[in-house]
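This report concerns only the one structure given below.
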Amino acid sequence: MAARLEPQWKSRKQSMKTYRSFLQRSLKFLVLAIVAGWAGGAHAADVEQIILYKGRQFLQTGTGTPTVGTNKPFRAGTFVSLSAANAVTNATLQLPSGTVTNLVLENGGLQWGLNEIEYSTQAALDAVFGSGNYTYTLKGQNDGTRAVTVTLTGDTYPVAPRISNFTAAQAVDPAGSFTLTWDALVNGSANDFVQMSISDANDQNEVYQSGQPGGPGALDGTSTSFQVPAGTLATGQTYTGRLLLYQAVDYDDTSYGFGVVSLAGYYSETRFTIVTTGQPDTNAPFLMNSQPNYGETNVPVHSGVAFTFGEPMQSSYSINWTGVNASNFSYLWSDDKMTLFCLYNTSLPLNTVIGWTLNPSSTNYQFRDLAGNNLPGDITGFFTTAPTNSTGVKDVEMIVVAKAQKFLQTNGTPVLADPDHGTPFQFQAEVNLTGSATVTNVAVQFPGAGTTNAPYNADNGDQFGLESGYADQTSLDSAFLNGTYTVTVKTVHDGTRTVALALTGNVYPPTPTVSNLAAAQAIVHSNSFTLTWSAFTGGTTNDYVSVSIENATGNYATLFETPDVGQPGALNGTHTSVVIPANTLYPGRTYEARLFFAKLTTRDTTSYPGVLALAGYLKDTQFTVQTAGTPLKPRLVMLPRNQGQIQMRLIGEPGFNYAIQATDDLKNPSWVQYWNQSTYDGATLDYTDFSSTFFTNRFYRAVEQPSFGD
């Protein structure tokens, strides 16, 4: 995908399953954080970690001390996480009493465990899971049979956490951020793990949670507060909060070998409610965008799939896939809960039509907004993968940090203007991808300030971007200081990469000025046309120039663009013209064009090998070009029938909306519109009339429709 260096900017059973997943995931991340620096042995171990825990659940219904829950609140469990599916073929656990119990293979073969055991009293729990030694016997595919013993003694359960601003939590304004607070945890330390999670009222679908150990937003035993960002919760809703504290009492990283860690410990968890103000949201959410685009072809096989919704969503989902092995997908929600990344564990199959259905009617609808409203069912789409492999292709094509000034040229002299937003002084940070959803998070650290996540660009699925505009230069420079900007990128295949880019000097290039603007208003589309501009004063081969032409319909299909920086044929600061080949444009149209100058101050190809990272100062002039003649009318070409159904191809122009209409009587036609679709970057669309077999006569026509911006 092309990257552009330019401003563009419970049932009870279900409830228990949700809780167990939350607890196990949290403890797994705790172990991973502990062993993150271990160098490894001769081969990757069959086992990742071994966890044993006993816990108590509490309920807080007011400002007082939490009380022991009424629903079997005394619990114990264990799990053994594996490095690969079925890496361990058998697993048993010997309890302190001498009883040996078989563990159960679960989670797609990636874990051996016991369903969390629930008891009504502490005595009943201790009668089975008493104090003493717990011995695991594990038979690995590569490691052979290994025995590991952990000791769980002392009954040192943490004191039940108490929410200290419980009353305020019952009247939260979801439009603003809200800070949950709790009493300092007795004997809490930085070595303990604390996690806050918020789920719907039925405790089935997680809405938000604090960070995992070692990651952003992680809490420990010294923490006493947690901020819920504005817009995370819906109006007029009741949520279930959980505050969990886990303290390990035994740690072993030698018995198994290979640095595999075993932990035993105790936890206490308090459940409570959070209530938001306002009227309940009863509007269904909608799918705003899918990447790859609907019907897109030649999709790189290292791509993922991303679905972006019009509002934050709950963490649950339901998708049917065709043309691909659904079990190879893993799923990750963006921080703002608006985009679901579907990441394929291997390369997508070559030259394959891959289809998807969201909230299929054959299953329980799982896509819901924060208020619990279902996404409409049976939303479908498809794309086609490329016929070639993406071997060796990096997840990222380019990283850019820049300050920009935008201009508009309608005559001989450009003027400062931003026709789109009215803010011609802009900051931008962009990470351009080589395929859809090959990156899941981008964070930008500013000089002398904090860190901000760059949002996923749903309209241009090969990009994360952060853009901020201002009416004057002083405001821009006050908000975004000159200095070093550090960009951290979490990729799907290349790991986490960090690039530091120095943006200093205020060395803006001259204002790009088209010198033959008048001639560009009467282009004969069947002839080539040379666009010229005034020289880039002080420009060198290390600087960058680009020209792009898009239609003006609002669908922004690109008809012409010069190669990107670092690519063969790219323009530099010494160029003053470019040739637009004949038949690139269409007759009788007005197009939006841009001439773009960049003075590059930093060029880094080593921090993220194979990826170009740039910092610089930009100027961008927008202008129009027009072609002579009469616009072409769309036409239809009949294709071979498919099982008797009529198929056709609409031939139009890129970026326009077209409709196909049909009638069964040409003498007295009553045209019925069957289809309305944009051509986006292509000029053709294929359509199958599935109802055509019911008609003796059928006549069709293609009609250009109003587009965004018309």
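Starting from 1 in every chain, residues are counted up; chains themselves are A, B, ... following the order of the structure tokens, and ligands are numbered from 1 as listed.
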
Self-check item: Residues near A:Arg242, cut-off 6 Å, only C-alpha atoms, skip fewer than 2 positions along chain, as a VMD selection string
Solution: chain A and resid 196 to 197 270 to 271

Residue subset to file, keeping N, CA and C atoms, as a tab-separated table (two decimals), in the first residue's frame:
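So result-v8.tsv came out as:
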chain	number	residue	atom	x	y	z
A	196	MET	N	-7.45	-3.14	37.90
A	196	MET	CA	-8.80	-2.65	37.92
A	196	MET	C	-9.44	-3.00	36.59
A	197	SER	N	-10.64	-3.56	36.63
A	197	SER	CA	-11.36	-3.84	35.39
A	197	SER	C	-12.80	-3.38	35.54
A	270	THR	N	-12.34	-7.16	45.17
A	270	THR	CA	-13.59	-6.51	45.57
A	270	THR	C	-14.38	-6.14	44.33
A	271	ARG	N	-15.66	-6.55	44.33
A	271	ARG	CA	-16.58	-6.15	43.27
A	271	ARG	C	-17.44	-5.00	43.76

Quiz prompt | Nearest candidate to A:Ile354 (options A:Gly377, A:Gly539, A:Gly304, A:Pro563; using only C-alpha atoms) | solution = A:Gly304

Residues of stretch 341-509 of chain A in alpha helix (DSSP H) according to DSSP, as a PDB file with all heavy atoms, in the first residue's frame?
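For reference, states-v3.pdb as written:
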ATOM      1  N   GLN A 473       1.448  30.532  13.701  1.00  0.00           N
ATOM      2  CA  GLN A 473       2.698  29.822  13.949  1.00  0.00           C
ATOM      3  C   GLN A 473       3.042  29.789  15.434  1.00  0.00           C
ATOM      4  O   GLN A 473       3.536  28.788  15.951  1.00  0.00           O
ATOM      5  CB  GLN A 473       3.840  30.489  13.173  1.00  0.00           C
ATOM      6  CG  GLN A 473       5.157  29.734  13.221  1.00  0.00           C
ATOM      7  CD  GLN A 473       5.136  28.456  12.423  1.00  0.00           C
ATOM      8  OE1 GLN A 473       4.731  28.461  11.272  1.00  0.00           O
ATOM      9  NE2 GLN A 473       5.575  27.356  13.011  1.00  0.00           N
ATOM     10  N   THR A 474       2.785  30.890  16.144  1.00  0.00           N
ATOM     11  CA  THR A 474       3.125  30.948  17.569  1.00  0.00           C
ATOM     12  C   THR A 474       2.389  29.871  18.364  1.00  0.00           C
ATOM     13  O   THR A 474       2.969  29.210  19.239  1.00  0.00           O
ATOM     14  CB  THR A 474       2.799  32.341  18.131  1.00  0.00           C
ATOM     15  OG1 THR A 474       3.558  33.327  17.425  1.00  0.00           O
ATOM     16  CG2 THR A 474       3.129  32.422  19.612  1.00  0.00           C
ATOM     17  N   SER A 475       1.115  29.682  18.051  1.00  0.00           N
ATOM     18  CA  SER A 475       0.334  28.665  18.765  1.00  0.00           C
ATOM     19  C   SER A 475       0.857  27.269  18.469  1.00  0.00           C
ATOM     20  O   SER A 475       0.941  26.417  19.372  1.00  0.00           O
ATOM     21  CB  SER A 475      -1.137  28.769  18.357  1.00  0.00           C
ATOM     22  OG  SER A 475      -1.675  30.016  18.717  1.00  0.00           O
ATOM     23  N   LEU A 476       1.234  27.017  17.207  1.00  0.00           N
ATOM     24  CA  LEU A 476       1.801  25.714  16.846  1.00  0.00           C
ATOM     25  C   LEU A 476       3.087  25.457  17.618  1.00  0.00           C
ATOM     26  O   LEU A 476       3.274  24.392  18.217  1.00  0.00           O
ATOM     27  CB  LEU A 476       2.067  25.663  15.344  1.00  0.00           C
ATOM     28  CG  LEU A 476       2.883  24.468  14.840  1.00  0.00           C
ATOM     29  CD1 LEU A 476       2.158  23.152  15.116  1.00  0.00           C
ATOM     30  CD2 LEU A 476       3.183  24.611  13.354  1.00  0.00           C
ATOM     31  N   ASP A 477       3.995  26.457  17.621  1.00  0.00           N
ATOM     32  CA  ASP A 477       5.292  26.260  18.265  1.00  0.00           C
ATOM     33  C   ASP A 477       5.186  26.155  19.775  1.00  0.00           C
ATOM     34  O   ASP A 477       6.033  25.524  20.426  1.00  0.00           O
ATOM     35  CB  ASP A 477       6.236  27.403  17.878  1.00  0.00           C
ATOM     36  CG  ASP A 477       6.614  27.383  16.409  1.00  0.00           C
ATOM     37  OD1 ASP A 477       6.495  26.304  15.786  1.00  0.00           O
ATOM     38  OD2 ASP A 477       7.015  28.435  15.878  1.00  0.00           O
ATOM     39  N   SER A 478       4.153  26.768  20.363  1.00  0.00           N
ATOM     40  CA  SER A 478       3.960  26.648  21.813  1.00  0.00           C
ATOM     41  C   SER A 478       3.460  25.262  22.185  1.00  0.00           C
ATOM     42  O   SER A 478       3.811  24.723  23.242  1.00  0.00           O
ATOM     43  CB  SER A 478       2.956  27.707  22.289  1.00  0.00           C
ATOM     44  OG  SER A 478       3.457  29.007  22.074  1.00  0.00           O
ATOM     45  N   ALA A 479       2.636  24.692  21.321  1.00  0.00           N
ATOM     46  CA  ALA A 479       2.069  23.374  21.605  1.00  0.00           C
ATOM     47  C   ALA A 479       3.044  22.252  21.278  1.00  0.00           C
ATOM     48  O   ALA A 479       3.076  21.225  21.970  1.00  0.00           O
ATOM     49  CB  ALA A 479       0.776  23.193  20.820  1.00  0.00           C
TER      50      ALA A 479
END

Self-check item: Residues within 10 Å of A:Phe79, only C-alpha atoms, excluding chain neighbours under 3 positions, as a PyMOL selection string
Solution: chain A and resi 24+27-28+49-53+82+103-106+111-116

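Distance annotation: of A:Asn676, A:Asn133, A:Thr151, A:Thr621, the residue with the minimal separation from A:Asp252 is A:Thr151; atom set is only C-alpha atoms.
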
Quiz item: Would you give me, as a ChimeraX atom specification, the residues in stretch 237-274 of chain A that DSSP reads as strand (DSSP E or B)?
Solution: /A:238-252,261-274

Find the nearest atom pair between each residue of stretch 627-685 of chain A and stretch 567-585 of chain A for residues within 10 Å, count only C-alpha atoms, give distances in Å to one decimal, sort rows by chain and ascending number, and present the table as CSV.
residue,atom,partner,partner_atom,distance
A:Thr627,CA,A:Leu585,CA,7.5
A:Glu653,CA,A:Leu585,CA,9.2
A:Pro654,CA,A:Leu585,CA,9.8

Filtering to N, CA, C and O atoms, could you give me those residues as an mmCIF file, in the first residue's frame?
data_model
loop_
_atom_site.group_PDB
_atom_site.id
_atom_site.type_symbol
_atom_site.label_atom_id
_atom_site.label_comp_id
_atom_site.auth_asym_id
_atom_site.auth_seq_id
_atom_site.Cartn_x
_atom_site.Cartn_y
_atom_site.Cartn_z
ATOM 1 N N THR A 627 -10.010 19.645 -16.707
ATOM 2 C CA THR A 627 -9.872 19.082 -18.045
ATOM 3 C C THR A 627 -10.997 19.583 -18.930
ATOM 4 O O THR A 627 -12.121 19.803 -18.481
ATOM 5 N N GLU A 653 -15.314 6.131 -13.588
ATOM 6 C CA GLU A 653 -14.096 6.847 -13.231
ATOM 7 C C GLU A 653 -13.767 6.575 -11.766
ATOM 8 O O GLU A 653 -14.673 6.339 -10.955
ATOM 9 N N PRO A 654 -12.497 6.649 -11.401
ATOM 10 C CA PRO A 654 -12.130 6.419 -9.998
ATOM 11 C C PRO A 654 -12.754 7.453 -9.068
ATOM 12 O O PRO A 654 -12.824 8.639 -9.370
#

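The shortest atom-to-atom distance to A:Ala87, with only C-alpha atoms taken into account, belongs to A:Thr145 out of A:Thr451, A:Thr145, A:Ser526, A:Asn165.
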
Self-check item: Polymer residues at most 7 Å from A:Arg75, only C-alpha atoms, same-chain spacing of 3 or more positions, as a PyMOL selection string
Solution: chain A and resi 54-56+116-119+125

Please dump the current selection as a CSV table (one decimal), in the first residue's frame; keep N, CA and C atoms.
chain,number,residue,atom,x,y,z
A,54,LYS,N,-4.9,-19.0,45.5
A,54,LYS,CA,-6.1,-19.1,46.3
A,54,LYS,C,-6.5,-17.7,46.5
A,55,GLY,N,-7.9,-17.5,46.5
A,55,GLY,CA,-8.4,-16.2,46.6
A,55,GLY,C,-9.7,-16.0,47.3
A,56,ARG,N,-10.0,-14.8,47.6
A,56,ARG,CA,-11.3,-14.5,48.3
A,56,ARG,C,-12.0,-13.3,47.5
A,116,GLU,N,-11.6,-23.1,37.8
A,116,GLU,CA,-11.5,-22.5,39.2
A,116,GLU,C,-12.5,-23.1,40.1
A,117,ILE,N,-12.0,-23.6,41.2
A,117,ILE,CA,-12.8,-24.3,42.2
A,117,ILE,C,-13.4,-23.3,43.2
A,118,GLU,N,-14.7,-23.4,43.4
A,118,GLU,CA,-15.4,-22.4,44.2
A,118,GLU,C,-16.0,-23.1,45.5
A,119,TYR,N,-15.9,-22.4,46.6
A,119,TYR,CA,-16.3,-23.0,47.9
A,119,TYR,C,-17.1,-21.9,48.6
A,125,LEU,N,-12.6,-24.8,51.3
A,125,LEU,CA,-11.5,-24.6,50.4
A,125,LEU,C,-10.2,-25.2,50.9

Quiz prompt | A:Ser330 environment, 9 Å, only C-alpha atoms, sequence neighbours closer than 6 positions dropped, as a list in words | solution = Phe341, Cys342, Leu343, Tyr344 and Asn345 of chain A

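Using only C-alpha atoms, the smallest distance between any of A:Ala471, A:Ala230, A:Leu244, A:Leu416 and A:Val194 comes from A:Leu244.
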
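Nearest to A:Phe407 of all the residues A:Val275, A:Val514, A:Leu332, A:Ala662 is A:Val514, counting only C-alpha atoms.
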
Quiz item: Can you list, as a count of residues only, every protein, DNA or RNA residue that comes within 10 Å of A:Gln366 when you count only C-alpha atoms, leaving out same-chain residues fewer than 5 positions away?
Solution: 15

Quiz item: How many Å lie between atom CA of A:Leu666 and atom CA of A:Ala702, rounded to one decimal?
Solution: 14.8 Å

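Take the candidates A:Ala449, A:Leu370, A:Ala458, A:Val401 and check each one against A:Leu233 using only C-alpha atoms; the shortest distance goes to A:Leu370.
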